[in-house]
Amino acid sequence: AAAVAAAPPQAQPQYPPAQHTHSGREFAIGAPEAGAEGPEHLDGPGGAVEVTGGSGQVPLPADDELPPEPLDNPRRLLVWPEPDVSTQQALTDRGYRPVIVHSREEVDAQIAAYPAALFVDPLTGPITRTALQSLRQAAVAAEVPVLVTAGLGVASREAAYGADPAVLLKALAPRDSEQHPPRVLLVEEHAAIADAMAATLGRRGMQTAHAPSDAEAVQLAAQVRPNLVVMDLMQVRRRRAGIIDWLRVNGMLNRTPFVVYTSASIDEAELPGLASGETVLFLAERSTSPEVQSRIVDLLAKIGAN
């Protein structure tokens with residue numbers, strides 16, 4: 001599951017422009033071929049599958065309660081895809097009514113209900129890059145906060161089975177203009193992960209500012225004015241003010257997509273290899289432990305607060 005104020009960003013190192021693909025094409029994240037180097041880029045050989053004839057998904061029937069009352073109870077939460085059983089229960093227990101959306105039009109149809117947020121949680125199926133961009137653009141245009149979850153893994157190139165994280169983040173990151181690269185604020189306590197993430201984003205034409213904690217992210221955000229915030233879920237300050245609160249106070253929360261990842265399965269012994277290239281970061285399925293589920297619904301409550 002966005003944007004930018006007028007203050008100019010600090011001077012940032014320039015990276016080579018990212019590769020561009022033809023518009024109007026859809027790509028699904030897939031695993032690399034056996035024996036191939038991985039993780040594959042979404043738009044690289046073996047890392048993408050072109051989807052013809054649209055998404056292939058059959059839209060759910062339109063909500064028969066539209067137009068809704070301005071104040072829903074339970075409050076609507078736009079979601080993609082349909083939540084798994086444990087996530088559905090966690091959201092329902094916290095007073096949310098998940099409403100599945102597949103397209104910009106379905107997002108637009110729900111705006112009158114004042115949904116809490118758009119929650120993209122690709123646990124039960126992959127999302128295409130064009131679908132992710134379209135949902136993000138629709139939510140941002142309607143000033144609905146966007147929260148996206150992911151899992152992050154570290155492995156050798158041969159063992160990595162997911163896509164480059166920059167694939168997800170490039171699809172999500174708005175930019176001030178075509179002449180300005182997206183600015184990503186990364187909140188990650190492990191310097192090795194932060195450096196590797198900055199390198200992969202840089203190769204895709206994005207600029208990264210790194211803060212080791214939520215508290216320090218607030219100070220850095222004032223300088224960077226990020227287009228996208230990415231952080232380890234365990235770094236989010238649930239009971240105290242942090243980057244989410246700063247974005248809200250500065251009128252940026254509804255225009256700045258927020259990505260949280262779980263990395264509990266990462267073996268810290270593999271982190272030193274990130275600098276040498278022996279190991280790489282890849283997207284994985286996020287954790288669904290009770291602690292993670294609790295943190296996610298807490299985060300949604302923080303993001304969706306009026």
# chains A, B, ... in the order shown; residues from 1 in each chain; ligands from 1
$ select_by_dssp --residues "segment 129-299 of chain A" --states "helix (DSSP H, G or I)" --output "PyMOL selection string"
chain A and resi 129-141+165-172+191-203+214-224+233-235+243-249+253-255+268-270+272-276+290-299
$ closest_atom_pairs --of "segment 117-139 of chain A" --to "segment 160-171 of chain A" --cutoff "8 Å" --atoms "only C-alpha atoms" --output "tab-separated table"
residue	atom	partner	partner_atom	distance
A:Arg129	CA	A:Ala171	CA	6.0
A:Thr130	CA	A:Ala171	CA	7.6
A:Leu132	CA	A:Ala171	CA	6.6
A:Gln133	CA	A:Ala171	CA	5.5
$ write_last_selection --atoms "N, CA and C atoms" --output "PDB file, in the first residue's frame"
ATOM      1  N   ARG A 129       3.564  -4.221 -12.229  1.00  0.00           N
ATOM      2  CA  ARG A 129       4.103  -2.881 -12.029  1.00  0.00           C
ATOM      3  C   ARG A 129       3.103  -1.808 -12.448  1.00  0.00           C
ATOM      4  N   THR A 130       2.443  -2.019 -13.605  1.00  0.00           N
ATOM      5  CA  THR A 130       1.485  -1.016 -14.057  1.00  0.00           C
ATOM      6  C   THR A 130       0.285  -0.945 -13.121  1.00  0.00           C
ATOM      7  N   LEU A 132       0.336  -1.524  -9.878  1.00  0.00           N
ATOM      8  CA  LEU A 132       0.795  -0.841  -8.672  1.00  0.00           C
ATOM      9  C   LEU A 132       0.874   0.666  -8.909  1.00  0.00           C
ATOM     10  N   GLN A 133       1.420   1.063 -10.043  1.00  0.00           N
ATOM     11  CA  GLN A 133       1.504   2.488 -10.365  1.00  0.00           C
ATOM     12  C   GLN A 133       0.117   3.110 -10.465  1.00  0.00           C
TER      13      GLN A 133
END
$ residues_around --residues "segment 91-99 of chain A" --least-positions-apart "3" --cutoff "7 Å" --atoms "only C-alpha atoms" --output "tab-separated table (two decimals) with N, CA and C atoms, in the first residue's frame"
chain	number	residue	atom	x	y	z
A	74	PRO	N	-17.83	-0.14	10.40
A	74	PRO	CA	-16.38	0.06	10.47
A	74	PRO	C	-15.84	0.84	9.26
A	75	ARG	N	-14.68	1.45	9.45
A	75	ARG	CA	-14.11	2.31	8.42
A	75	ARG	C	-13.56	1.48	7.27
A	76	ARG	N	-13.78	1.96	6.07
A	76	ARG	CA	-13.29	1.24	4.91
A	76	ARG	C	-11.78	1.39	4.76
A	77	LEU	N	-11.18	0.28	4.33
A	77	LEU	CA	-9.76	0.25	4.02
A	77	LEU	C	-9.63	-0.37	2.64
A	78	LEU	N	-9.14	0.40	1.68
A	78	LEU	CA	-8.95	-0.14	0.35
A	78	LEU	C	-7.77	-1.10	0.37
A	79	VAL	N	-7.95	-2.30	-0.17
A	79	VAL	CA	-6.89	-3.31	-0.11
A	79	VAL	C	-6.70	-3.95	-1.47
A	87	THR	N	-4.65	-11.85	8.17
A	87	THR	CA	-4.64	-10.40	7.99
A	87	THR	C	-6.06	-9.84	8.00
A	88	GLN	N	-6.97	-10.55	7.33
A	88	GLN	CA	-8.38	-10.13	7.33
A	88	GLN	C	-8.91	-10.05	8.76
A	297	VAL	N	-1.39	-3.35	11.71
A	297	VAL	CA	-2.67	-2.69	11.97
A	297	VAL	C	-2.46	-1.43	12.82
$ residues_around --residues "Leu274 of chain A" --least-positions-apart "5" --cutoff "7 Å" --atoms "only C-alpha atoms" --output "list in words"
Ala192, Ala196, Thr279 and Val280 of chain A
$ residues_around --residues "Ala117 of chain A" --least-positions-apart "3" --cutoff "8 Å" --atoms "only C-alpha atoms" --output "list in words"
Ala1, Leu77, Leu78, Val144, Pro145, Val146, Leu147, Leu300, Ile303 and Gly304 of chain A
$ select_by_dssp --residues "segment 78-242 of chain A" --states "strand (DSSP E or B)" --output "PyMOL selection string"
chain A and resi 78-80+96-100+118-120+146-156+183-187+207-211+228-232
$ closest_residue --among "A:Ala209, A:Ala90, A:Ala141, A:Ala198" --to "Thr288 of chain A" --atoms "only C-alpha atoms"
A:Ala90
$ closest_residue --among "A:His190, A:Arg286, A:Arg255, A:Arg295" --to "Asn227 of chain A" --atoms "only C-alpha atoms"
A:Arg255
$ atom_distance --atom1 "atom CA of Glu268 of chain A" --atom2 "atom CA of Arg204 of chain A"
25.9 Å
$ decode --residues "segment 79-98 of chain A" --atoms "N, CA and C atoms" --output "PDB file, in the first residue's frame"
ATOM      1  N   VAL A  79      -7.946  -2.297  -0.173  1.00  0.00           N
ATOM      2  CA  VAL A  79      -6.893  -3.311  -0.107  1.00  0.00           C
ATOM      3  C   VAL A  79      -6.698  -3.951  -1.465  1.00  0.00           C
ATOM      4  N   TRP A  80      -5.476  -4.387  -1.700  1.00  0.00           N
ATOM      5  CA  TRP A  80      -5.146  -5.232  -2.849  1.00  0.00           C
ATOM      6  C   TRP A  80      -4.019  -6.155  -2.414  1.00  0.00           C
ATOM      7  N   PRO A  81      -4.120  -7.451  -2.671  1.00  0.00           N
ATOM      8  CA  PRO A  81      -5.283  -8.194  -3.144  1.00  0.00           C
ATOM      9  C   PRO A  81      -6.199  -8.523  -1.964  1.00  0.00           C
ATOM     10  N   GLU A  82      -7.033  -9.553  -2.119  1.00  0.00           N
ATOM     11  CA  GLU A  82      -7.854  -9.994  -0.994  1.00  0.00           C
ATOM     12  C   GLU A  82      -6.944 -10.451   0.133  1.00  0.00           C
ATOM     13  N   PRO A  83      -7.137  -9.967   1.355  1.00  0.00           N
ATOM     14  CA  PRO A  83      -6.231 -10.339   2.452  1.00  0.00           C
ATOM     15  C   PRO A  83      -6.290 -11.832   2.758  1.00  0.00           C
ATOM     16  N   ASP A  84      -5.161 -12.364   3.227  1.00  0.00           N
ATOM     17  CA  ASP A  84      -5.177 -13.736   3.729  1.00  0.00           C
ATOM     18  C   ASP A  84      -6.008 -13.761   5.009  1.00  0.00           C
ATOM     19  N   VAL A  85      -6.317 -14.951   5.486  1.00  0.00           N
ATOM     20  CA  VAL A  85      -7.256 -15.102   6.603  1.00  0.00           C
ATOM     21  C   VAL A  85      -6.790 -14.367   7.851  1.00  0.00           C
ATOM     22  N   SER A  86      -5.512 -14.512   8.208  1.00  0.00           N
ATOM     23  CA  SER A  86      -5.037 -13.898   9.447  1.00  0.00           C
ATOM     24  C   SER A  86      -5.007 -12.379   9.345  1.00  0.00           C
ATOM     25  N   THR A  87      -4.645 -11.851   8.173  1.00  0.00           N
ATOM     26  CA  THR A  87      -4.639 -10.397   7.994  1.00  0.00           C
ATOM     27  C   THR A  87      -6.060  -9.844   8.002  1.00  0.00           C
ATOM     28  N   GLN A  88      -6.966 -10.548   7.331  1.00  0.00           N
ATOM     29  CA  GLN A  88      -8.375 -10.134   7.329  1.00  0.00           C
ATOM     30  C   GLN A  88      -8.908 -10.046   8.759  1.00  0.00           C
ATOM     31  N   GLN A  89      -8.579 -11.059   9.571  1.00  0.00           N
ATOM     32  CA  GLN A  89      -9.062 -11.068  10.946  1.00  0.00           C
ATOM     33  C   GLN A  89      -8.462  -9.926  11.747  1.00  0.00           C
ATOM     34  N   ALA A  90      -7.160  -9.686  11.546  1.00  0.00           N
ATOM     35  CA  ALA A  90      -6.487  -8.608  12.278  1.00  0.00           C
ATOM     36  C   ALA A  90      -7.102  -7.256  11.927  1.00  0.00           C
ATOM     37  N   LEU A  91      -7.415  -7.045  10.654  1.00  0.00           N
ATOM     38  CA  LEU A  91      -8.010  -5.776  10.230  1.00  0.00           C
ATOM     39  C   LEU A  91      -9.430  -5.636  10.767  1.00  0.00           C
ATOM     40  N   THR A  92     -10.196  -6.705  10.703  1.00  0.00           N
ATOM     41  CA  THR A  92     -11.576  -6.664  11.194  1.00  0.00           C
ATOM     42  C   THR A  92     -11.603  -6.406  12.691  1.00  0.00           C
ATOM     43  N   ASP A  93     -10.692  -7.041  13.414  1.00  0.00           N
ATOM     44  CA  ASP A  93     -10.639  -6.860  14.865  1.00  0.00           C
ATOM     45  C   ASP A  93     -10.347  -5.415  15.248  1.00  0.00           C
ATOM     46  N   ARG A  94      -9.652  -4.698  14.377  1.00  0.00           N
ATOM     47  CA  ARG A  94      -9.308  -3.314  14.664  1.00  0.00           C
ATOM     48  C   ARG A  94     -10.296  -2.320  14.059  1.00  0.00           C
ATOM     49  N   GLY A  95     -11.449  -2.816  13.587  1.00  0.00           N
ATOM     50  CA  GLY A  95     -12.496  -1.914  13.130  1.00  0.00           C
ATOM     51  C   GLY A  95     -12.417  -1.488  11.684  1.00  0.00           C
ATOM     52  N   TYR A  96     -11.713  -2.248  10.851  1.00  0.00           N
ATOM     53  CA  TYR A  96     -11.640  -1.924   9.429  1.00  0.00           C
ATOM     54  C   TYR A  96     -12.556  -2.833   8.626  1.00  0.00           C
ATOM     55  N   ARG A  97     -13.071  -2.292   7.555  1.00  0.00           N
ATOM     56  CA  ARG A  97     -13.819  -3.076   6.579  1.00  0.00           C
ATOM     57  C   ARG A  97     -13.016  -3.093   5.292  1.00  0.00           C
ATOM     58  N   PRO A  98     -12.253  -4.169   5.014  1.00  0.00           N
ATOM     59  CA  PRO A  98     -11.453  -4.208   3.787  1.00  0.00           C
ATOM     60  C   PRO A  98     -12.340  -4.224   2.542  1.00  0.00           C
TER      61      PRO A  98
END
